[in-house]
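Taking it in order: structure first as structure tokens, then the write-up.
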Amino acid sequence: MAAETSRNVESGREKDVPVEPLELAPEEAREVELEQEDEASGEGLGPPDPAERGVEGRRRRLWKKKEMPGGLWLKCESCGQMIYRKELEEKGMVCPACEFHFTLPGRERVAMVLDPDSWKEEYADLTALDRLSFTDQVPYAEKIRRTVDRTGQKEALLCGTGRIEGREIVLAVLDFSFLGGSMGEVVGEKISLAADMARRQKKPLVLFTSSGGARMHEGMLSLMQMAKTSAALASLNEAGGFSICVLTNPTTGGVTASFASVCDVTLAEPGALIGFAGPRVIATTIKQELPPGFQRAEFLVEKGQVDAIVRRSELRDVLARLVDFGRGAFAR
Amino acid sequence: MADTSRPRNDTTSAGMAFERPIKELEAQLSELEALSTRTNLDLAGEIRALKERLQEEIQKTYSDLSPWERVSVARHTDRPVASDYIEKLCDDFFELHGDKVFGDDKAIVTGLARMGERRFLLVAHRKGRTTKERMAYNFGCAHPEGYRKALRKMRLAEKLGLPIVTLINTPGAYPGIGAEERGQATAIAENILGMFSLRVPILVIVIGEGGSGGALGIGVGDRVFMLEHAYYSVISPEGCAAILWKDGERSPDAAQALKLTAPDLLQLGLIDGVIQEPPGGAHRNPQVALDNVRRTILEELAALERLSVADLLARRRAKFRHVGEIPGRFPRLD
């Protein structure tokens with residue numbers, strides 16, 4: 001199926017590929033289902049788009065997602081342009097047409113940000129527990145098992161130490177492809193451990209977020225991670241530490257409303273959706289259409305909520321410069 | 001987040017269906033009492049028997065509430081709200097308005113309060129008692145300026161050496177355009193972070209709805225209590241049902257799964273204690289609930305007062321840094 005549609009596009013005849021002929025192999029459909037579940041793990045983004053429910057909606061969504069994993073071509077989420085996958089990868093998953101910054105999986109982010117071979121991952125073995133025996137359509141325990149199998153990592157947060165242009169940092173990266181980057185006990189603990197490491201080793205703390213918010217399947221234990229991570233940041237601040245958070249697409253809910261918004265410097269990638277409540281929740285609450293660009297990084301800068309927008313291609317350079325400006329941290 | 005658009009658990013009638021047998025007995029009782037006054041008949045025996053049956057019914061119903069039923073009790077419109085606590089518990093109250101940046105958010109009330117000789121800063125979500133009040137207070141859904149007002153007044157309390165008491169009762173922080181423009185997430189985040197550094201005791205009591213980040217925005221305390229039928233949750237049951245079950249009708253299942261009741265949260269080690277409500281809930285006999293809250297405030301503030309500032313701050317930080325943790329599960333770097 002993927003090959004056939006790719007040919008269509010390659011030949012240039014069909015830009016808007018028809019939805020009708022799409023049929024997915026069972027394992028592909030399952031992958032899409034899992035991704036859908038992932039996105040719905042955090043409390044912040046709200047319920048799925050009604051346009052993507054039902055048979056027709058599901059097909060549309062399957063189609064959109066279908067292009068991501070294997071195909072040679074894929075469609076930009078933002079401008080709709082068909083992009084040659086290799087070109088996108090060469091550009092660090094940034095749309096060549098509109099500069100939309102695609103969500104990066106955690107490992108790719110780590111590789112992109114740090115000097116080669118400088119990454120030393122810590123606490124990679126911490127695993128989520130289903131302490132509430134939470135079951136919606138699938139038991140949470142089962143959901144964790146499947147996600148661990150699929151992603152090859154134990155949780156949605158990667159943390160450790162590394163170097164940017166030779167400068168030592170502590171790095172923590174939220175991975176949206178693991179249950180929507182949602183924050184449960186382990187994610188909250190690892191962010192806090194990263195802050196503790198930064199404090200003890202007197203290194204700058206650099207965080208990357210992409211998250212649907214608090215992980216509902218852990219109930220109040222997940223809400224309390226907002227307080228836990230803030231407690232760790234309070235200790236880091238008291239020791240005179242320096243923290244930088246880069247908000248990437250999307251960051252919402254309990255992650256935005258805790259550690260992600262109170263680091264010393266808040267950066268955002270272009271076009272990133274950043275908010276407390278998800279846009280669909282707001283639209284249904286106020287029964288109005290949302291203004292164009294609402295909750296995008298550019299909007300947040302305009303409203304004074306974010307220090308600067310940094311393109312992915314300039315990120316390493318900017319972080320290195322900021323770290324240099326932060327050399328006086330821990331000194332007082 | 002608040003899910004103000006979703007069908008709410010109607011707390012005035014339909015949502016409290018489990019109270020129907022109680023309501024019927026209450027109606028019979030008041031009829032009987034009216035009859036007795038009107039006709040001078042001696043119905044004392046019948047009235048006493050009916051009262052006993054009523055008490056039994058209340059006891060039976062309320063000893064076995066489902067989480068979803070508790071949520072409707074927590075939302076009941078007759079349940080005591082911030083103004084009841086201010087008017088009936090405080091011997092003095094001087095409201096301090098506004099965040100001195102944008103405006104005065106009426107969904108959160110802040111002011112200097114006194115109970116007997118005990119002075120403190122009161123910070124409370126405000127829901128209102130009448131429809132008009134409820135609308136003016138935005139149903140307890142605060143905007144960023146509400147959280148900023150709270151932090152500003154809490155810093156004043158710190159300066160004056162006054163302890164802080166917060167009363168939580170919100171469906172969630174408001175999800176709207178203005179709220180996002182003015183930094184709802186940052187306002188809540190700054191409060192959570194800021195409360196870890198306040199050098200005075202903080203006592204938190206969830207008196208009704210503990211709606212997610214909107215609750216936690218005034219919810220970091222040395223001691224955290226819940227009224228018996230209050231709930232505290234990462235998301236409203238309606239919101240959770242819509243996302244995970246893709247069906248808002250499954251709210252009772254979501255309420256069950258989320259473990260949002262006071263006893264559940266006490267068991268998980270996420271709160272320090274449960275304040276008893278009168279049989280049949282605080283809406284049936286507000287004064288009893290108010291008195292119990294008063295006692296908790298006086299006792300807890302007296303206990304917290306005895307700690308040194310350094311000890312207080314270290315304990316508060318450790319309490320949340322290791323909140324709900326199974327001992328030994330996570331490494332310690334301190």
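Order determines the names: the first chain of the structure tokens is A, the second B, and so forth; residues in each chain are numbered 1 upward, and ligands are numbered 1 upward as they are shown.
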Mind dumping a table of every range 149-263 of chain B residue within 7 Å of range 271-280 of chain A, with the nearest atom pair and its distance in Å to one decimal, using only C-alpha atoms, sorted by chain and rising number, as a Markdown table?
| residue | atom | partner | partner_atom | distance |
| --- | --- | --- | --- | --- |
| B:Pro175 | CA | A:Ala277 | CA | 5.5 |
| B:Glu180 | CA | A:Gly275 | CA | 6.6 |
| B:Gln184 | CA | A:Phe276 | CA | 6.3 |
| B:Ala185 | CA | A:Phe276 | CA | 4.9 |
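Non-sequential neighbours of range 39-42 of chain A (distance at most 6 Å, separation of 2 or more positions within a chain, only C-alpha atoms) are Gln36, Glu37, Gly44, Leu179, Gly180, Ser182, Gly212, Gly213, Ala214 and Arg215 of chain A.
For the set A:Ser118, A:Ser177, A:Thr285, A:Thr147, the residue with the smallest atom-to-atom gap to Thr161 in chain A is A:Ser118, counting only C-alpha atoms.
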Query raised in the report: Can you list, as a ChimeraX atom specification, every protein, DNA or RNA residue that comes within 7 Å of Val206 in chain A when you count only C-alpha atoms, leaving out same-chain residues fewer than 2 positions away?
Result: /A:169-172,204,208,243-245
Filtering to all heavy atoms, could you give me those residues as a CSV table (one decimal), in the first residue's frame?
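Saved result, selection.csv, follows:
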chain,number,residue,atom,x,y,z
A,169,ILE,N,26.7,19.2,30.5
A,169,ILE,CA,25.3,19.5,31.0
A,169,ILE,C,24.6,18.2,31.5
A,169,ILE,O,25.0,17.1,31.2
A,169,ILE,CB,24.4,20.1,29.9
A,169,ILE,CG1,24.2,19.0,28.7
A,169,ILE,CG2,25.0,21.4,29.3
A,169,ILE,CD1,22.9,19.3,27.9
A,170,VAL,N,23.5,18.4,32.2
A,170,VAL,CA,22.6,17.4,32.5
A,170,VAL,C,21.4,17.5,31.6
A,170,VAL,O,20.9,18.7,31.5
A,170,VAL,CB,22.1,17.4,34.0
A,170,VAL,CG1,21.0,16.4,34.3
A,170,VAL,CG2,23.3,17.1,34.9
A,171,LEU,N,21.0,16.5,30.9
A,171,LEU,CA,20.0,16.6,29.9
A,171,LEU,C,18.8,15.7,30.3
A,171,LEU,O,19.0,14.5,30.7
A,171,LEU,CB,20.5,16.2,28.6
A,171,LEU,CG,19.6,16.2,27.4
A,171,LEU,CD1,19.1,17.6,27.0
A,171,LEU,CD2,20.2,15.5,26.1
A,172,ALA,N,17.6,16.2,30.1
A,172,ALA,CA,16.4,15.3,30.3
A,172,ALA,C,15.5,15.6,29.1
A,172,ALA,O,15.2,16.8,28.8
A,172,ALA,CB,15.7,15.6,31.6
A,204,PRO,N,24.7,22.8,34.3
A,204,PRO,CA,23.4,23.3,33.9
A,204,PRO,C,22.5,22.2,33.6
A,204,PRO,O,22.9,21.2,33.1
A,204,PRO,CB,23.8,24.1,32.6
A,204,PRO,CG,25.2,24.0,32.4
A,204,PRO,CD,25.8,23.1,33.4
A,208,PHE,N,14.0,19.1,27.6
A,208,PHE,CA,13.2,19.2,26.4
A,208,PHE,C,11.8,18.5,26.7
A,208,PHE,O,11.8,17.4,27.2
A,208,PHE,CB,13.8,18.4,25.2
A,208,PHE,CG,14.9,19.2,24.6
A,208,PHE,CD1,16.2,19.1,25.1
A,208,PHE,CD2,14.7,19.9,23.4
A,208,PHE,CE1,17.2,19.8,24.5
A,208,PHE,CE2,15.7,20.6,22.8
A,208,PHE,CZ,17.0,20.6,23.3
A,243,SER,N,18.8,26.5,34.9
A,243,SER,CA,18.0,25.6,34.2
A,243,SER,C,17.4,26.2,32.9
A,243,SER,O,17.1,27.4,32.9
A,243,SER,CB,16.9,25.0,35.0
A,243,SER,OG,16.1,26.1,35.5
A,244,ILE,N,17.4,25.4,31.8
A,244,ILE,CA,16.8,25.8,30.6
A,244,ILE,C,15.8,24.8,30.1
A,244,ILE,O,16.1,23.6,30.2
A,244,ILE,CB,18.0,25.9,29.5
A,244,ILE,CG1,19.1,26.9,29.9
A,244,ILE,CG2,17.4,26.3,28.1
A,244,ILE,CD1,20.3,26.8,29.0
A,245,CYS,N,14.7,25.2,29.7
A,245,CYS,CA,13.7,24.3,29.2
A,245,CYS,C,13.3,24.7,27.7
A,245,CYS,O,13.1,25.8,27.4
A,245,CYS,CB,12.4,24.3,30.0
A,245,CYS,SG,11.3,23.0,29.5
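Residues of range 167-221 of chain A assigned to helix (DSSP H, G or I) by DSSP on this structure's backbone: A:Leu179, A:Gly180, A:Gly181, A:Glu185, A:Val186, A:Val187, A:Gly188, A:Glu189, A:Lys190, A:Ile191, A:Ser192, A:Leu193, A:Ala194, A:Ala195, A:Asp196, A:Met197, A:Ala198, A:Arg199, A:Arg200, A:Gln201, A:Met216, A:His217, A:Glu218, A:Gly219, A:Met220, A:Leu221.
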Using the selection just defined, write its residues with N, CA, C and O atoms as a JSON list (two decimals), in the first residue's frame.
[["chain", "number", "residue", "atom", "x", "y", "z"],
["A", 179, "LEU", "N", 3.67, 6.83, 25.26],
["A", 179, "LEU", "CA", 2.43, 7.25, 25.93],
["A", 179, "LEU", "C", 2.27, 8.78, 25.93],
["A", 179, "LEU", "O", 1.94, 9.39, 26.96],
["A", 180, "GLY", "N", 2.53, 9.37, 24.78],
["A", 180, "GLY", "CA", 2.31, 10.80, 24.61],
["A", 180, "GLY", "C", 3.16, 11.66, 25.54],
["A", 180, "GLY", "O", 2.78, 12.77, 25.89],
["A", 181, "GLY", "N", 4.33, 11.14, 25.92],
["A", 181, "GLY", "CA", 5.20, 11.92, 26.80],
["A", 181, "GLY", "C", 4.54, 12.28, 28.12],
["A", 181, "GLY", "O", 4.94, 13.23, 28.79],
["A", 185, "GLU", "N", 4.67, 8.77, 37.68],
["A", 185, "GLU", "CA", 5.67, 8.77, 38.76],
["A", 185, "GLU", "C", 7.11, 8.71, 38.26],
["A", 185, "GLU", "O", 7.97, 9.41, 38.77],
["A", 186, "VAL", "N", 7.38, 7.83, 37.27],
["A", 186, "VAL", "CA", 8.76, 7.65, 36.84],
["A", 186, "VAL", "C", 9.27, 8.89, 36.10],
["A", 186, "VAL", "O", 10.38, 9.35, 36.33],
["A", 187, "VAL", "N", 8.43, 9.45, 35.24],
["A", 187, "VAL", "CA", 8.84, 10.66, 34.53],
["A", 187, "VAL", "C", 9.12, 11.79, 35.53],
["A", 187, "VAL", "O", 10.17, 12.45, 35.46],
["A", 188, "GLY", "N", 8.22, 11.98, 36.47],
["A", 188, "GLY", "CA", 8.42, 13.02, 37.47],
["A", 188, "GLY", "C", 9.67, 12.78, 38.29],
["A", 188, "GLY", "O", 10.45, 13.70, 38.57],
["A", 189, "GLU", "N", 9.89, 11.52, 38.64],
["A", 189, "GLU", "CA", 11.07, 11.18, 39.44],
["A", 189, "GLU", "C", 12.35, 11.43, 38.65],
["A", 189, "GLU", "O", 13.32, 11.98, 39.17],
["A", 190, "LYS", "N", 12.35, 11.06, 37.38],
["A", 190, "LYS", "CA", 13.57, 11.22, 36.58],
["A", 190, "LYS", "C", 13.88, 12.69, 36.31],
["A", 190, "LYS", "O", 15.05, 13.08, 36.26],
["A", 191, "ILE", "N", 12.85, 13.50, 36.13],
["A", 191, "ILE", "CA", 13.10, 14.94, 35.98],
["A", 191, "ILE", "C", 13.70, 15.48, 37.28],
["A", 191, "ILE", "O", 14.66, 16.25, 37.28],
["A", 192, "SER", "N", 13.14, 15.01, 38.40],
["A", 192, "SER", "CA", 13.65, 15.45, 39.70],
["A", 192, "SER", "C", 15.07, 14.96, 39.93],
["A", 192, "SER", "O", 15.91, 15.69, 40.45],
["A", 193, "LEU", "N", 15.34, 13.72, 39.52],
["A", 193, "LEU", "CA", 16.70, 13.18, 39.65],
["A", 193, "LEU", "C", 17.67, 13.97, 38.77],
["A", 193, "LEU", "O", 18.81, 14.22, 39.16],
["A", 194, "ALA", "N", 17.21, 14.38, 37.60],
["A", 194, "ALA", "CA", 18.05, 15.19, 36.71],
["A", 194, "ALA", "C", 18.37, 16.52, 37.39],
["A", 194, "ALA", "O", 19.52, 16.98, 37.36],
["A", 195, "ALA", "N", 17.37, 17.12, 38.03],
["A", 195, "ALA", "CA", 17.60, 18.37, 38.75],
["A", 195, "ALA", "C", 18.56, 18.14, 39.92],
["A", 195, "ALA", "O", 19.44, 18.96, 40.19],
["A", 196, "ASP", "N", 18.39, 16.99, 40.59],
["A", 196, "ASP", "CA", 19.31, 16.65, 41.70],
["A", 196, "ASP", "C", 20.74, 16.46, 41.20],
["A", 196, "ASP", "O", 21.70, 16.91, 41.83],
["A", 197, "MET", "N", 20.86, 15.79, 40.04],
["A", 197, "MET", "CA", 22.20, 15.60, 39.45],
["A", 197, "MET", "C", 22.83, 16.94, 39.11],
["A", 197, "MET", "O", 24.01, 17.16, 39.38],
["A", 198, "ALA", "N", 22.03, 17.81, 38.49],
["A", 198, "ALA", "CA", 22.54, 19.14, 38.12],
["A", 198, "ALA", "C", 23.03, 19.88, 39.37],
["A", 198, "ALA", "O", 24.07, 20.53, 39.37],
["A", 199, "ARG", "N", 22.28, 19.74, 40.45],
["A", 199, "ARG", "CA", 22.64, 20.42, 41.69],
["A", 199, "ARG", "C", 23.93, 19.83, 42.28],
["A", 199, "ARG", "O", 24.84, 20.56, 42.65],
["A", 200, "ARG", "N", 23.99, 18.51, 42.32],
["A", 200, "ARG", "CA", 25.15, 17.86, 42.93],
["A", 200, "ARG", "C", 26.41, 18.02, 42.08],
["A", 200, "ARG", "O", 27.49, 18.19, 42.63],
["A", 201, "GLN", "N", 26.25, 17.93, 40.78],
["A", 201, "GLN", "CA", 27.43, 18.01, 39.90],
["A", 201, "GLN", "C", 27.71, 19.43, 39.44],
["A", 201, "GLN", "O", 28.62, 19.65, 38.64],
["A", 216, "MET", "N", -2.98, 10.15, 33.09],
["A", 216, "MET", "CA", -4.21, 9.90, 33.84],
["A", 216, "MET", "C", -4.26, 8.53, 34.52],
["A", 216, "MET", "O", -4.88, 8.39, 35.57],
["A", 217, "HIS", "N", -3.61, 7.54, 33.90],
["A", 217, "HIS", "CA", -3.68, 6.18, 34.45],
["A", 217, "HIS", "C", -3.01, 6.07, 35.81],
["A", 217, "HIS", "O", -3.13, 5.04, 36.47],
["A", 218, "GLU", "N", -2.27, 7.10, 36.21],
["A", 218, "GLU", "CA", -1.66, 7.06, 37.55],
["A", 218, "GLU", "C", -2.37, 8.01, 38.49],
["A", 218, "GLU", "O", -1.89, 8.29, 39.59],
["A", 219, "GLY", "N", -3.52, 8.51, 38.06],
["A", 219, "GLY", "CA", -4.39, 9.30, 38.93],
["A", 219, "GLY", "C", -3.64, 10.42, 39.64],
["A", 219, "GLY", "O", -2.82, 11.13, 39.06],
["A", 220, "MET", "N", -3.93, 10.57, 40.94],
["A", 220, "MET", "CA", -3.34, 11.66, 41.71],
["A", 220, "MET", "C", -1.82, 11.51, 41.87],
["A", 220, "MET", "O", -1.13, 12.48, 42.12],
["A", 221, "LEU", "N", -1.33, 10.27, 41.74],
["A", 221, "LEU", "CA", 0.13, 10.11, 41.79],
["A", 221, "LEU", "C", 0.76, 10.91, 40.67],
["A", 221, "LEU", "O", 1.85, 11.47, 40.82]]
Select all residues from chain B having any atom no more than 8 Å from an atom of chain A (counting only C-alpha atoms, ignoring ligands), output as an mmCIF file with N, CA and C atoms, in the first residue's frame.
data_model
loop_
_atom_site.group_PDB
_atom_site.id
_atom_site.type_symbol
_atom_site.label_atom_id
_atom_site.label_comp_id
_atom_site.auth_asym_id
_atom_site.auth_seq_id
_atom_site.Cartn_x
_atom_site.Cartn_y
_atom_site.Cartn_z
ATOM 1 N N MET B 1 -7.918 20.130 34.369
ATOM 2 C CA MET B 1 -8.612 21.198 33.664
ATOM 3 C C MET B 1 -10.105 21.159 33.935
ATOM 4 N N ASP B 3 -13.884 21.109 32.890
ATOM 5 C CA ASP B 3 -14.647 20.656 31.741
ATOM 6 C C ASP B 3 -16.024 21.252 31.849
ATOM 7 N N THR B 4 -16.048 22.547 31.790
ATOM 8 C CA THR B 4 -17.293 23.255 32.046
ATOM 9 C C THR B 4 -18.336 22.989 30.971
ATOM 10 N N SER B 5 -17.867 22.526 29.807
ATOM 11 C CA SER B 5 -18.813 22.344 28.712
ATOM 12 C C SER B 5 -19.498 20.981 28.784
ATOM 13 N N PRO B 175 -10.140 26.985 31.229
ATOM 14 C CA PRO B 175 -9.531 26.820 29.913
ATOM 15 C C PRO B 175 -10.137 27.814 28.922
ATOM 16 N N GLY B 176 -9.515 28.975 28.762
ATOM 17 C CA GLY B 176 -10.066 29.980 27.840
ATOM 18 C C GLY B 176 -8.958 30.720 27.123
ATOM 19 N N ILE B 177 -9.344 31.566 26.202
ATOM 20 C CA ILE B 177 -8.342 32.280 25.400
ATOM 21 C C ILE B 177 -7.525 33.233 26.274
ATOM 22 N N GLU B 180 -5.065 31.512 28.585
ATOM 23 C CA GLU B 180 -3.844 31.043 27.918
ATOM 24 C C GLU B 180 -2.946 32.235 27.576
ATOM 25 N N GLU B 181 -3.550 33.311 27.094
ATOM 26 C CA GLU B 181 -2.768 34.498 26.719
ATOM 27 C C GLU B 181 -1.988 35.048 27.907
ATOM 28 N N ARG B 182 -2.613 34.975 29.063
ATOM 29 C CA ARG B 182 -1.967 35.553 30.239
ATOM 30 C C ARG B 182 -1.155 34.520 31.026
ATOM 31 N N GLY B 183 -0.990 33.344 30.438
ATOM 32 C CA GLY B 183 -0.070 32.373 31.031
ATOM 33 C C GLY B 183 -0.644 31.543 32.163
ATOM 34 N N GLN B 184 -1.751 30.867 31.908
ATOM 35 C CA GLN B 184 -2.355 30.007 32.936
ATOM 36 C C GLN B 184 -1.353 28.986 33.470
ATOM 37 N N ALA B 185 -0.654 28.337 32.533
ATOM 38 C CA ALA B 185 0.281 27.285 32.947
ATOM 39 C C ALA B 185 1.402 27.876 33.808
ATOM 40 N N THR B 186 1.958 28.987 33.379
ATOM 41 C CA THR B 186 3.057 29.598 34.116
ATOM 42 C C THR B 186 2.592 30.079 35.487
ATOM 43 N N ALA B 187 1.396 30.652 35.535
ATOM 44 C CA ALA B 187 0.888 31.147 36.817
ATOM 45 C C ALA B 187 0.785 30.007 37.833
ATOM 46 N N ILE B 188 0.232 28.881 37.391
ATOM 47 C CA ILE B 188 0.094 27.725 38.285
ATOM 48 C C ILE B 188 1.475 27.196 38.667
ATOM 49 N N ALA B 189 2.356 27.082 37.662
ATOM 50 C CA ALA B 189 3.704 26.557 37.901
ATOM 51 C C ALA B 189 4.465 27.442 38.889
ATOM 52 N N GLU B 190 4.327 28.753 38.740
ATOM 53 C CA GLU B 190 5.050 29.659 39.643
ATOM 54 C C GLU B 190 4.519 29.569 41.068
ATOM 55 N N ILE B 192 3.195 26.792 42.432
ATOM 56 C CA ILE B 192 3.658 25.513 42.989
ATOM 57 C C ILE B 192 5.109 25.668 43.437
ATOM 58 N N LEU B 193 5.930 26.229 42.544
ATOM 59 C CA LEU B 193 7.344 26.429 42.877
ATOM 60 C C LEU B 193 7.492 27.401 44.043
ATOM 61 N N PHE B 196 7.029 26.385 47.758
ATOM 62 C CA PHE B 196 8.090 25.629 48.427
ATOM 63 C C PHE B 196 9.061 26.527 49.188
ATOM 64 N N SER B 197 9.020 27.820 48.893
ATOM 65 C CA SER B 197 9.985 28.715 49.530
ATOM 66 C C SER B 197 9.357 29.644 50.562
ATOM 67 N N SER B 212 -7.482 19.086 39.607
ATOM 68 C CA SER B 212 -6.224 19.064 38.872
ATOM 69 C C SER B 212 -5.268 20.217 39.192
ATOM 70 N N GLY B 213 -4.570 20.716 38.179
ATOM 71 C CA GLY B 213 -3.586 21.783 38.371
ATOM 72 C C GLY B 213 -4.197 23.033 38.974
ATOM 73 N N LEU B 216 -3.951 22.331 42.600
ATOM 74 C CA LEU B 216 -2.573 22.280 43.085
ATOM 75 C C LEU B 216 -1.920 23.670 43.089
ATOM 76 N N VAL B 220 0.159 23.375 47.615
ATOM 77 C CA VAL B 220 1.394 22.852 48.208
ATOM 78 C C VAL B 220 1.453 23.277 49.673
ATOM 79 N N TYR B 232 -10.273 14.782 44.824
ATOM 80 C CA TYR B 232 -9.065 15.442 44.350
ATOM 81 C C TYR B 232 -8.570 14.570 43.206
ATOM 82 N N SER B 233 -8.431 15.167 42.022
ATOM 83 C CA SER B 233 -8.151 14.321 40.867
ATOM 84 C C SER B 233 -7.287 15.014 39.828
ATOM 85 N N VAL B 234 -6.551 14.203 39.086
ATOM 86 C CA VAL B 234 -5.666 14.722 38.032
ATOM 87 C C VAL B 234 -6.482 15.281 36.869
ATOM 88 N N ILE B 235 -7.692 14.803 36.723
ATOM 89 C CA ILE B 235 -8.586 15.290 35.658
ATOM 90 C C ILE B 235 -10.007 15.009 36.111
ATOM 91 N N GLY B 239 -13.788 14.477 31.873
ATOM 92 C CA GLY B 239 -12.681 14.666 30.936
ATOM 93 C C GLY B 239 -11.946 13.360 30.689
ATOM 94 N N CYS B 240 -11.734 12.614 31.760
ATOM 95 C CA CYS B 240 -11.030 11.337 31.659
ATOM 96 C C CYS B 240 -11.826 10.345 30.811
ATOM 97 N N ALA B 242 -14.008 11.043 28.523
ATOM 98 C CA ALA B 242 -14.026 11.481 27.128
ATOM 99 C C ALA B 242 -12.727 11.097 26.422
ATOM 100 N N ILE B 243 -11.607 11.153 27.146
ATOM 101 C CA ILE B 243 -10.332 10.851 26.499
ATOM 102 C C ILE B 243 -10.082 9.341 26.444
ATOM 103 N N LEU B 244 -10.203 8.674 27.577
ATOM 104 C CA LEU B 244 -9.785 7.269 27.616
ATOM 105 C C LEU B 244 -10.882 6.289 27.194
ATOM 106 N N TRP B 245 -12.134 6.616 27.528
ATOM 107 C CA TRP B 245 -13.219 5.736 27.111
ATOM 108 C C TRP B 245 -13.875 6.267 25.829
ATOM 109 N N LYS B 246 -13.477 7.469 25.443
ATOM 110 C CA LYS B 246 -14.064 8.173 24.294
ATOM 111 C C LYS B 246 -15.574 8.253 24.424
ATOM 112 N N ALA B 254 -14.711 6.216 35.160
ATOM 113 C CA ALA B 254 -13.486 7.009 35.292
ATOM 114 C C ALA B 254 -13.281 7.415 36.753
ATOM 115 N N ALA B 257 -11.907 4.519 38.576
ATOM 116 C CA ALA B 257 -10.527 4.168 38.221
ATOM 117 C C ALA B 257 -9.512 5.177 38.755
ATOM 118 N N LEU B 258 -9.904 6.437 38.841
ATOM 119 C CA LEU B 258 -8.950 7.502 39.167
ATOM 120 C C LEU B 258 -8.522 7.524 40.634
ATOM 121 N N LYS B 259 -9.244 6.807 41.503
ATOM 122 C CA LYS B 259 -8.931 6.787 42.942
ATOM 123 C C LYS B 259 -8.850 8.209 43.480
ATOM 124 N N LEU B 260 -9.966 8.908 43.383
ATOM 125 C CA LEU B 260 -9.975 10.327 43.702
ATOM 126 C C LEU B 260 -10.626 10.666 45.033
ATOM 127 N N LEU B 265 -6.956 8.426 48.697
ATOM 128 C CA LEU B 265 -5.756 9.258 48.641
ATOM 129 C C LEU B 265 -4.981 9.188 49.955
ATOM 130 N N LEU B 270 -1.024 10.322 49.836
ATOM 131 C CA LEU B 270 -0.967 11.613 49.136
ATOM 132 C C LEU B 270 -1.581 12.747 49.941
ATOM 133 N N ARG B 317 9.604 20.328 51.483
ATOM 134 C CA ARG B 317 10.242 19.932 50.237
ATOM 135 C C ARG B 317 10.375 18.412 50.157
ATOM 136 N N ALA B 318 10.785 17.792 51.240
ATOM 137 C CA ALA B 318 10.959 16.334 51.239
ATOM 138 C C ALA B 318 9.611 15.631 51.062
ATOM 139 N N PHE B 320 7.032 16.499 49.329
ATOM 140 C CA PHE B 320 6.589 16.425 47.938
ATOM 141 C C PHE B 320 7.654 15.820 47.018
ATOM 142 N N ARG B 321 8.921 15.963 47.391
ATOM 143 C CA ARG B 321 9.975 15.359 46.565
ATOM 144 C C ARG B 321 9.813 13.840 46.554
ATOM 145 N N HIS B 322 9.261 13.285 47.631
ATOM 146 C CA HIS B 322 9.106 11.831 47.706
ATOM 147 C C HIS B 322 7.637 11.433 47.866
ATOM 148 N N VAL B 323 6.766 12.273 47.342
ATOM 149 C CA VAL B 323 5.329 12.082 47.552
ATOM 150 C C VAL B 323 4.842 10.727 47.006
ATOM 151 N N GLY B 324 4.134 10.011 47.853
ATOM 152 C CA GLY B 324 3.512 8.748 47.439
ATOM 153 C C GLY B 324 4.488 7.641 47.086
ATOM 154 N N PHE B 330 12.939 4.398 44.343
ATOM 155 C CA PHE B 330 13.758 5.331 43.575
ATOM 156 C C PHE B 330 15.063 5.626 44.306
ATOM 157 N N LEU B 333 19.578 10.995 45.906
ATOM 158 C CA LEU B 333 20.834 11.688 45.611
ATOM 159 C C LEU B 333 21.245 12.658 46.702
ATOM 160 N N ASP B 334 20.451 12.739 47.798
ATOM 161 C CA ASP B 334 20.797 13.761 48.792
ATOM 162 C C ASP B 334 21.813 13.270 49.799
#
Query raised in the report: Counting only C-alpha atoms, what is within 8 Å of Trp68 in chain B, bar same-chain residues fewer than 5 positions away, as an NGL selection string?
Result: :B and (251-253 or 255-256)
Report task. Within 10 Å of range 99-107 of chain B, counting only C-alpha atoms, which residues show up once you throw out same-chain ones fewer than 3 positions away? Write them as number ranges by chain, please. Result -> B: 96, 110, 124-128, 133-153, 169-170, 173-174, 182
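Here the question is which of B:Leu266, B:Ala157, B:Leu227, B:Val309 gets nearest to Arg294 in chain B using only C-alpha atoms, and that residue is B:Leu227.
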**Report entry** Exercise: range 32-34 of chain B partners within 10 Å, only C-alpha atoms, chain neighbours under 6 positions left out, as a VMD selection string
**Finding:** chain B and resid 26 40 to 41 43 to 44 46 to 47 50
Resulting file, chosen residues, N, CA and C atoms, as a compact mmCIF listing (two decimals), in the first residue's frame:
# COMPACT_ATOMS: atom_id res chain seq x y z
N GLU B 26 -37.24 12.57 54.31
CA GLU B 26 -37.18 13.95 54.80
C GLU B 26 -38.48 14.69 54.51
N ASN B 40 -52.32 20.21 66.16
CA ASN B 40 -52.11 19.94 67.58
C ASN B 40 -52.23 18.46 67.95
N LEU B 41 -52.16 17.58 66.94
CA LEU B 41 -52.19 16.15 67.24
C LEU B 41 -50.86 15.76 67.88
N LEU B 43 -48.06 13.68 67.60
CA LEU B 43 -47.43 12.74 66.67
C LEU B 43 -45.98 12.47 67.06
N ALA B 44 -45.64 12.80 68.30
CA ALA B 44 -44.25 12.71 68.75
C ALA B 44 -43.68 11.32 68.49
N GLU B 46 -44.60 9.00 66.25
CA GLU B 46 -44.40 8.76 64.82
C GLU B 46 -43.19 9.54 64.31
N ILE B 47 -43.09 10.79 64.78
CA ILE B 47 -41.98 11.64 64.33
C ILE B 47 -40.65 11.03 64.76
N LEU B 50 -39.83 8.07 62.63
CA LEU B 50 -39.44 8.46 61.28
C LEU B 50 -38.02 9.03 61.26
